[in-house]
>>> print(open('model-v9.tsv').read())   # TSV, C-alpha atoms
chain	number	residue	atom	x	y	z
A	32	MET	CA	-69.33	-259.16	-34.84
A	33	CYS	CA	-67.48	-258.83	-31.57
A	34	GLY	CA	-64.23	-257.83	-33.22
A	35	THR	CA	-65.89	-254.55	-34.13
A	36	CYS	CA	-68.47	-254.04	-31.37
A	37	GLY	CA	-65.74	-254.14	-28.72
A	38	CYS	CA	-67.31	-256.56	-26.27
A	39	ALA	CA	-64.65	-259.17	-26.97
A	40	GLU	CA	-61.95	-257.11	-25.35
A	41	GLU	CA	-60.72	-258.19	-21.91
A	42	SER	CA	-63.99	-258.18	-19.97
A	43	GLY	CA	-63.00	-257.02	-16.51
A	44	GLY	CA	-66.67	-256.31	-15.78
A	45	THR	CA	-67.67	-259.97	-15.87
A	46	ARG	CA	-69.05	-261.36	-12.61
A	47	ILE	CA	-69.41	-265.06	-11.73
A	48	VAL	CA	-71.92	-265.73	-8.93
A	49	MET	CA	-72.67	-269.20	-7.59
A	50	LEU	CA	-76.24	-269.30	-6.28
A	51	ARG	CA	-76.76	-271.56	-3.28
A	52	GLU	CA	-79.72	-272.32	-1.08
A	53	ASP	CA	-78.52	-269.79	1.50
A	54	ASP	CA	-78.05	-267.24	-1.32
A	55	ALA	CA	-74.46	-266.51	-0.35
A	56	PRO	CA	-73.11	-263.11	-1.45
A	57	PRO	CA	-70.99	-262.90	-4.61
A	58	HIS	CA	-67.38	-263.94	-4.26
A	59	GLY	CA	-64.27	-263.11	-6.22
A	60	HIS	CA	-62.53	-264.82	-9.07
A	61	PRO	CA	-62.65	-268.57	-8.24
A	62	HIS	CA	-59.59	-270.81	-7.95
A	63	PRO	CA	-58.27	-273.34	-8.65
A	64	HIS	CA	-59.32	-273.48	-12.27
A	65	PRO	CA	-60.26	-276.80	-13.83
A	66	HIS	CA	-57.40	-276.16	-16.22
A	67	ASP	CA	-54.58	-273.74	-16.83
A	68	HIS	CA	-54.80	-270.17	-18.02
A	69	PRO	CA	-53.79	-269.72	-21.65
A	70	GLU	CA	-50.31	-268.46	-22.27
A	71	ARG	CA	-50.06	-264.78	-23.12
A	72	GLU	CA	-49.41	-264.09	-26.77
A	73	GLU	CA	-46.07	-262.41	-27.38
A	74	GLY	CA	-44.68	-261.20	-30.67
A	75	GLY	CA	-45.83	-262.97	-33.80
A	76	GLU	CA	-47.31	-261.50	-36.92
A	77	THR	CA	-50.02	-258.89	-36.88
A	78	VAL	CA	-53.54	-260.32	-37.16
A	79	THR	CA	-56.95	-258.77	-36.81
A	80	LEU	CA	-58.45	-258.35	-33.35
A	81	GLU	CA	-61.24	-260.72	-34.26
A	82	GLN	CA	-58.81	-263.48	-35.27
A	83	LYS	CA	-56.77	-263.06	-32.11
A	84	VAL	CA	-59.84	-263.10	-29.88
A	85	LEU	CA	-61.32	-266.18	-31.52
A	86	ALA	CA	-58.00	-268.06	-31.51
A	87	LYS	CA	-57.55	-267.44	-27.79
A	88	ASN	CA	-61.16	-268.40	-27.18
A	89	ASP	CA	-60.85	-271.63	-29.17
A	90	LEU	CA	-57.80	-272.69	-27.16
A	91	LEU	CA	-59.68	-272.22	-23.91
A	92	ALA	CA	-62.76	-273.93	-25.33
A	93	ASP	CA	-60.69	-277.01	-26.18
A	94	ARG	CA	-59.45	-277.10	-22.58
A	95	ASN	CA	-62.99	-276.77	-21.29
A	96	ARG	CA	-64.10	-279.58	-23.55
A	97	GLU	CA	-61.26	-281.82	-22.39
A	98	TRP	CA	-62.08	-281.08	-18.73
A	99	MET	CA	-65.78	-281.87	-19.19
A	100	THR	CA	-65.16	-284.97	-21.31
A	101	GLY	CA	-62.92	-286.37	-18.60
A	102	ARG	CA	-65.80	-286.07	-16.13
A	103	GLY	CA	-68.59	-287.21	-18.42
A	104	VAL	CA	-70.21	-283.75	-18.34
A	105	VAL	CA	-72.30	-282.99	-21.43
A	106	ALA	CA	-72.75	-279.26	-22.04
A	107	VAL	CA	-75.55	-277.90	-24.23
A	108	ASN	CA	-75.26	-274.25	-25.29
A	109	VAL	CA	-78.80	-272.80	-25.52
A	110	MET	CA	-79.03	-269.62	-27.61
A	111	SER	CA	-81.83	-267.35	-28.76
A	112	SER	CA	-82.99	-263.77	-28.97
A	113	PRO	CA	-84.29	-262.25	-25.72
A	114	GLY	CA	-87.72	-263.52	-24.74
A	115	ALA	CA	-87.76	-266.67	-26.86
A	116	GLY	CA	-88.33	-268.81	-23.77
A	117	LYS	CA	-84.92	-270.18	-22.82
A	118	THR	CA	-85.37	-269.90	-19.07
A	119	THR	CA	-88.93	-271.25	-19.12
A	120	LEU	CA	-87.77	-274.24	-21.15
A	121	LEU	CA	-84.89	-274.89	-18.74
A	122	GLU	CA	-87.22	-274.69	-15.72
A	123	ARG	CA	-89.59	-277.20	-17.31
A	124	THR	CA	-86.76	-279.47	-18.44
A	125	ILE	CA	-85.10	-279.55	-15.01
A	126	THR	CA	-88.41	-280.36	-13.31
A	127	ASP	CA	-89.42	-283.06	-15.78
A	128	LEU	CA	-85.99	-284.75	-15.84
A	129	ALA	CA	-85.57	-284.75	-12.06
A	130	GLY	CA	-84.06	-288.03	-10.89
A	131	ARG	CA	-83.00	-289.20	-14.34
A	132	ARG	CA	-79.65	-287.44	-14.55
A	133	PRO	CA	-77.80	-284.73	-12.60
A	134	VAL	CA	-78.49	-281.33	-14.19
A	135	ALA	CA	-76.62	-278.07	-13.63
A	136	VAL	CA	-77.07	-274.66	-15.25
A	137	ILE	CA	-74.86	-271.74	-16.22
A	138	GLU	CA	-76.93	-268.58	-16.68
A	139	GLY	CA	-75.62	-265.78	-18.89
A	140	ASP	CA	-77.03	-262.24	-18.76
A	141	GLN	CA	-75.53	-258.80	-19.00
A	142	GLU	CA	-77.03	-257.87	-15.62
A	143	THR	CA	-79.29	-259.20	-12.80
A	144	ARG	CA	-79.69	-262.67	-11.26
A	145	LEU	CA	-83.37	-262.93	-12.13
A	146	ASP	CA	-83.11	-265.98	-14.39
A	147	ALA	CA	-80.61	-267.74	-12.10
A	148	ASP	CA	-83.01	-267.20	-9.18
A	149	ARG	CA	-85.75	-268.89	-11.19
A	150	ILE	CA	-83.47	-271.86	-11.87
A	151	ARG	CA	-82.36	-272.04	-8.24
A	152	ARG	CA	-85.98	-272.39	-7.11
A	153	THR	CA	-86.15	-275.69	-9.03
A	154	GLY	CA	-83.42	-277.04	-6.73
A	155	CYS	CA	-80.89	-277.20	-9.57
A	156	ALA	CA	-77.28	-276.11	-9.09
A	157	VAL	CA	-76.79	-272.84	-10.95
A	158	VAL	CA	-74.11	-270.21	-11.43
A	159	GLN	CA	-74.81	-266.72	-12.79
A	160	VAL	CA	-72.46	-265.07	-15.26
A	161	ASN	CA	-73.06	-261.34	-15.70
A	162	THR	CA	-71.17	-260.11	-18.74
A	163	GLY	CA	-71.56	-256.35	-18.22
A	164	ALA	CA	-71.31	-254.80	-21.67
A	165	GLY	CA	-70.53	-258.18	-23.27
A	166	CYS	CA	-73.17	-259.61	-25.59
A	167	HIS	CA	-72.22	-263.28	-25.28
A	168	LEU	CA	-70.53	-265.87	-23.10
A	169	ASP	CA	-67.01	-266.91	-24.05
A	170	ALA	CA	-64.73	-269.80	-23.15
A	171	GLU	CA	-63.00	-267.93	-20.33
A	172	MET	CA	-66.33	-267.13	-18.67
A	173	MET	CA	-67.29	-270.78	-19.15
A	174	ARG	CA	-64.06	-271.92	-17.49
A	175	ASP	CA	-64.65	-269.70	-14.45
A	176	ALA	CA	-68.29	-270.80	-14.24
A	177	LEU	CA	-67.22	-274.45	-14.34
A	178	THR	CA	-64.84	-273.79	-11.46
A	179	ALA	CA	-67.58	-272.17	-9.39
A	180	LEU	CA	-70.21	-274.75	-10.30
A	181	SER	CA	-68.10	-277.93	-10.22
A	182	PRO	CA	-70.79	-280.06	-11.92
A	183	ALA	CA	-71.09	-283.67	-10.80
A	184	GLU	CA	-69.63	-286.39	-12.98
A	185	GLY	CA	-72.08	-287.45	-15.68
A	186	SER	CA	-74.04	-284.18	-15.44
A	187	LEU	CA	-76.09	-282.57	-18.15
A	188	LEU	CA	-74.89	-278.96	-18.13
A	189	MET	CA	-77.33	-276.48	-19.65
A	190	VAL	CA	-75.76	-273.16	-20.63
A	191	GLU	CA	-78.23	-270.33	-21.17
A	192	ASN	CA	-76.32	-267.85	-23.28
A	193	VAL	CA	-76.94	-264.10	-23.40
A	194	GLY	CA	-80.02	-263.28	-25.47
A	195	ASN	CA	-78.53	-262.41	-28.88
A	196	LEU	CA	-78.80	-264.00	-32.32
A	197	VAL	CA	-75.34	-262.94	-33.51
A	198	CYS	CA	-72.27	-263.11	-31.28
A	199	PRO	CA	-72.98	-266.24	-29.18
A	200	ALA	CA	-72.74	-268.39	-32.31
A	201	LEU	CA	-69.15	-267.25	-32.90
A	202	PHE	CA	-67.71	-268.28	-29.54
A	203	ASP	CA	-67.07	-271.94	-28.78
A	204	LEU	CA	-67.49	-272.63	-25.06
A	205	GLY	CA	-66.35	-276.24	-25.18
A	206	GLU	CA	-69.95	-277.44	-25.36
A	207	ARG	CA	-71.08	-280.72	-26.91
A	208	SER	CA	-74.03	-279.22	-28.80
A	209	LYS	CA	-75.59	-275.89	-29.78
A	210	VAL	CA	-79.35	-275.43	-29.53
A	211	VAL	CA	-81.10	-272.41	-31.03
A	212	ILE	CA	-84.59	-271.46	-29.87
A	213	ILE	CA	-86.90	-269.32	-31.97
A	214	SER	CA	-90.39	-268.42	-30.78
A	215	VAL	CA	-93.40	-268.09	-33.08
A	216	THR	CA	-93.74	-264.45	-31.98
A	217	GLU	CA	-90.45	-263.49	-33.64
A	218	GLY	CA	-91.14	-263.91	-37.34
A	219	THR	CA	-90.76	-266.70	-39.87
A	220	ASP	CA	-87.70	-265.19	-41.57
A	221	LYS	CA	-85.29	-265.18	-38.59
A	222	PRO	CA	-83.05	-267.94	-40.06
A	223	LEU	CA	-82.45	-265.77	-43.14
A	224	LYS	CA	-81.76	-262.62	-41.13
A	225	TYR	CA	-79.35	-264.37	-38.73
A	226	PRO	CA	-77.89	-267.18	-40.87
A	227	TYR	CA	-74.69	-267.77	-38.89
A	228	MET	CA	-76.62	-268.57	-35.72
A	229	PHE	CA	-78.87	-271.09	-37.46
A	230	ALA	CA	-75.97	-272.54	-39.48
A	231	ALA	CA	-74.13	-273.25	-36.20
A	232	ALA	CA	-77.07	-275.07	-34.60
A	233	ASP	CA	-77.16	-278.79	-33.93
A	234	LEU	CA	-80.85	-278.49	-33.04
A	235	ILE	CA	-83.48	-275.79	-33.61
A	236	LEU	CA	-86.47	-275.54	-31.28
A	237	ILE	CA	-89.53	-273.59	-32.41
A	238	ASN	CA	-91.11	-272.55	-29.12
A	239	LYS	CA	-94.50	-271.12	-28.08
A	240	VAL	CA	-96.45	-273.15	-30.64
A	241	ASP	CA	-99.50	-272.75	-28.39
A	242	LEU	CA	-99.61	-269.18	-29.72
A	243	LEU	CA	-99.74	-270.17	-33.40
A	244	PRO	CA	-103.48	-269.39	-33.73
A	245	TYR	CA	-102.77	-265.80	-32.70
A	246	VAL	CA	-99.64	-264.89	-34.68
A	247	ASP	CA	-98.49	-264.79	-38.28
A	248	PHE	CA	-95.87	-267.55	-38.29
A	249	ASP	CA	-95.34	-270.35	-40.80
A	250	VAL	CA	-93.61	-273.34	-39.19
A	251	GLU	CA	-92.94	-275.12	-42.49
A	252	GLN	CA	-91.49	-272.01	-44.11
A	253	CYS	CA	-89.30	-271.23	-41.09
A	254	THR	CA	-88.02	-274.80	-41.15
A	255	ALA	CA	-87.25	-274.48	-44.86
A	256	TYR	CA	-85.39	-271.23	-44.25
A	257	ALA	CA	-83.36	-272.87	-41.47
A	258	ARG	CA	-82.43	-275.79	-43.70
A	259	SER	CA	-81.41	-273.44	-46.48
A	260	VAL	CA	-78.48	-272.40	-44.26
A	261	ASN	CA	-78.11	-275.71	-42.37
A	262	PRO	CA	-79.41	-278.58	-44.53
A	263	GLU	CA	-79.07	-281.39	-41.97
A	264	VAL	CA	-80.31	-279.56	-38.88
A	265	ARG	CA	-83.06	-281.14	-36.84
A	266	VAL	CA	-86.07	-278.93	-36.05
A	267	LEU	CA	-88.54	-279.60	-33.24
A	268	THR	CA	-91.69	-277.69	-32.32
A	269	LEU	CA	-92.81	-277.34	-28.72
A	270	SER	CA	-94.37	-275.19	-26.05
A	271	ALA	CA	-92.37	-274.84	-22.85
A	272	THR	CA	-95.49	-273.41	-21.19
A	273	THR	CA	-98.04	-276.12	-22.02
A	274	GLY	CA	-95.64	-279.05	-22.40
A	275	GLU	CA	-96.62	-279.77	-25.99
A	276	GLY	CA	-93.81	-281.43	-27.94
A	277	LEU	CA	-91.40	-281.76	-25.01
A	278	ALA	CA	-90.95	-285.54	-25.29
A	279	PRO	CA	-88.82	-285.35	-28.50
A	280	TRP	CA	-86.69	-282.64	-26.85
A	281	TYR	CA	-86.07	-284.88	-23.85
A	282	ASP	CA	-85.29	-287.80	-26.17
A	283	TRP	CA	-82.73	-285.63	-27.97
A	284	LEU	CA	-81.09	-284.68	-24.67
A	285	ALA	CA	-80.96	-288.34	-23.63
A	286	GLN	CA	-79.12	-289.15	-26.85
A	287	GLN	CA	-76.32	-286.68	-26.08
A	288	PRO	CA	-73.49	-288.97	-24.88
>>> encode(input="model-v9.tsv", output="structure tokens")
Amino acid sequence: MCGTCGCAEESGGTRIVMLREDDAPPHGHPHPHPHDHPEREEGGETVTLEQKVLAKNDLLADRNREWMTGRGVVAVNVMSSPGAGKTTLLERTITDLAGRRPVAVIEGDQETRLDADRIRRTGCAVVQVNTGAGCHLDAEMMRDALTALSPAEGSLLMVENVGNLVCPALFDLGERSKVVIISVTEGTDKPLKYPYMFAAADLILINKVDLLPYVDFDVEQCTAYARSVNPEVRVLTLSATTGEGLAPWYDWLAQQP
């Protein structure tokens, strides 16, 4: 967890880059914020680093949530291991939902703007968050990204978290829902190996089902494993590449108020 790996310490290496059509160069820390900075903790009893970090994060997340709720912005936190197909799914989703609802994207990666460039080519507003050594997005990064992005009222805000099946589940961003993607190339037992991630999910997407004939993956068993840690979770199967199974995913998004 981040209390021991160290990435939850003050992340001065984080960079927020708003990608525009003219591909403007990166700018500094954006102001004004959509809400106030948290007050600095002074005194008080000694607590573990993890508790302090998560408490500070939760306070900021609540402020993010309040700011987005006031503008009718619905944020969906999309999490997975690297290579599960998050960016491909977002590209397809943005293209297919064009004209139905404003969509904006926050892209999280340790380095590069490669995924944000892919999103920008769809015409969608996107901001890149590079976390440096950090292995997840947190509420402070989310706040700064919201300031840079300034999503339109009533927007669907898709947050592509850093590829990692551990730490992103621990940090509330102020999002409405958490979506976990697992691809059929990863192994049926992922929900058992990373239970906290799957327990935190509001929706699980099993991606790349077009590859099922070529890999050893049991959809029913994976679903059972997921429900052993999250009994009420909804599980959908799809292929972001071929378009198979995307309609239920879009229906789920439409149901997010």
>>> closest_residue(input="model-v9.tsv", among="A:Ala230, A:Leu284, A:Leu128, A:Ala278", to="Asn261 in chain A", atoms="only C-alpha atoms")
A:Ala230
>>> atom_distance(input="model-v9.tsv", atom1="CA of Ala115 in chain A", atom2="CA of Leu242 in chain A")
12.4 Å
>>> atom_distance(input="model-v9.tsv", atom1="CA of Val193 in chain A", atom2="CA of Gln141 in chain A")
7.0 Å
>>> closest_residue(input="model-v9.tsv", among="A:Thr178, A:Thr268, A:Val260, A:Glu97", to="Trp280 in chain A", atoms="only C-alpha atoms")
A:Thr268
>>> atom_distance(input="model-v9.tsv", atom1="CA of Ala156 in chain A", atom2="CA of Val134 in chain A")
7.4 Å
>>> residues_near_point(input="model-v9.tsv", point="(-78.8, -270.9, -9.4)", cutoff="10 Å", atoms="all atoms listed in the file", output="list in words")
Val48, Met49, Leu50, Arg51, Glu52, Asp54, Ala135, Val136, Ile137, Glu138, Arg144, Leu145, Asp146, Ala147, Asp148, Arg149, Ile150, Arg151, Arg152, Thr153, Gly154, Cys155, Ala156, Val157, Val158, Gln159 and Leu180 of chain A
>>> residues_near_point(input="model-v9.tsv", point="(-76.9, -266.3, -37.8)", cutoff="10 Å", atoms="all atoms listed in the file", output="PyMOL selection string")
chain A and resi 195-201+221-232+257+260
>>> closest_residue(input="model-v9.tsv", among="A:Gly116, A:Gly194, A:Pro262, A:Gly185", to="Lys239 in chain A", atoms="all atoms listed in the file")
A:Gly116
>>> closest_residue(input="model-v9.tsv", among="A:Gly274, A:Asn108, A:Pro133, A:Gly218", to="Asp241 in chain A", atoms="all atoms listed in the file")
A:Gly274
>>> residues_around(input="model-v9.tsv", residues="Glu206 in chain A", least_positions_apart="6", cutoff="9 Å", atoms="all atoms listed in the file", output="compact mmCIF listing (two decimals) with C-alpha atoms, in the frame of the given file")
# COMPACT_ATOMS: atom_id res chain seq x y z
CA ALA A 92 -62.76 -273.93 -25.33
CA ASN A 95 -62.99 -276.77 -21.29
CA ARG A 96 -64.10 -279.58 -23.55
CA MET A 99 -65.78 -281.87 -19.19
CA VAL A 105 -72.30 -282.99 -21.43
CA ALA A 106 -72.75 -279.26 -22.04
CA VAL A 107 -75.55 -277.90 -24.23
CA ASN A 108 -75.26 -274.25 -25.29
CA LEU A 188 -74.89 -278.96 -18.13
CA VAL A 190 -75.76 -273.16 -20.63
>>> closest_residue(input="model-v9.tsv", among="A:Arg258, A:Arg46, A:His167, A:Arg132", to="Phe202 in chain A", atoms="all atoms listed in the file")
A:His167
>>> closest_residue(input="model-v9.tsv", among="A:Asp203, A:Glu184, A:Glu275, A:Glu263", to="Ile237 in chain A", atoms="all atoms listed in the file")
A:Glu275
>>> residues_around(input="model-v9.tsv", residues="Thr273 in chain A", least_positions_apart="4", cutoff="12 Å", atoms="all atoms listed in the file", output="PyMOL selection string")
chain A and resi 119-120+123+238-242+269+277
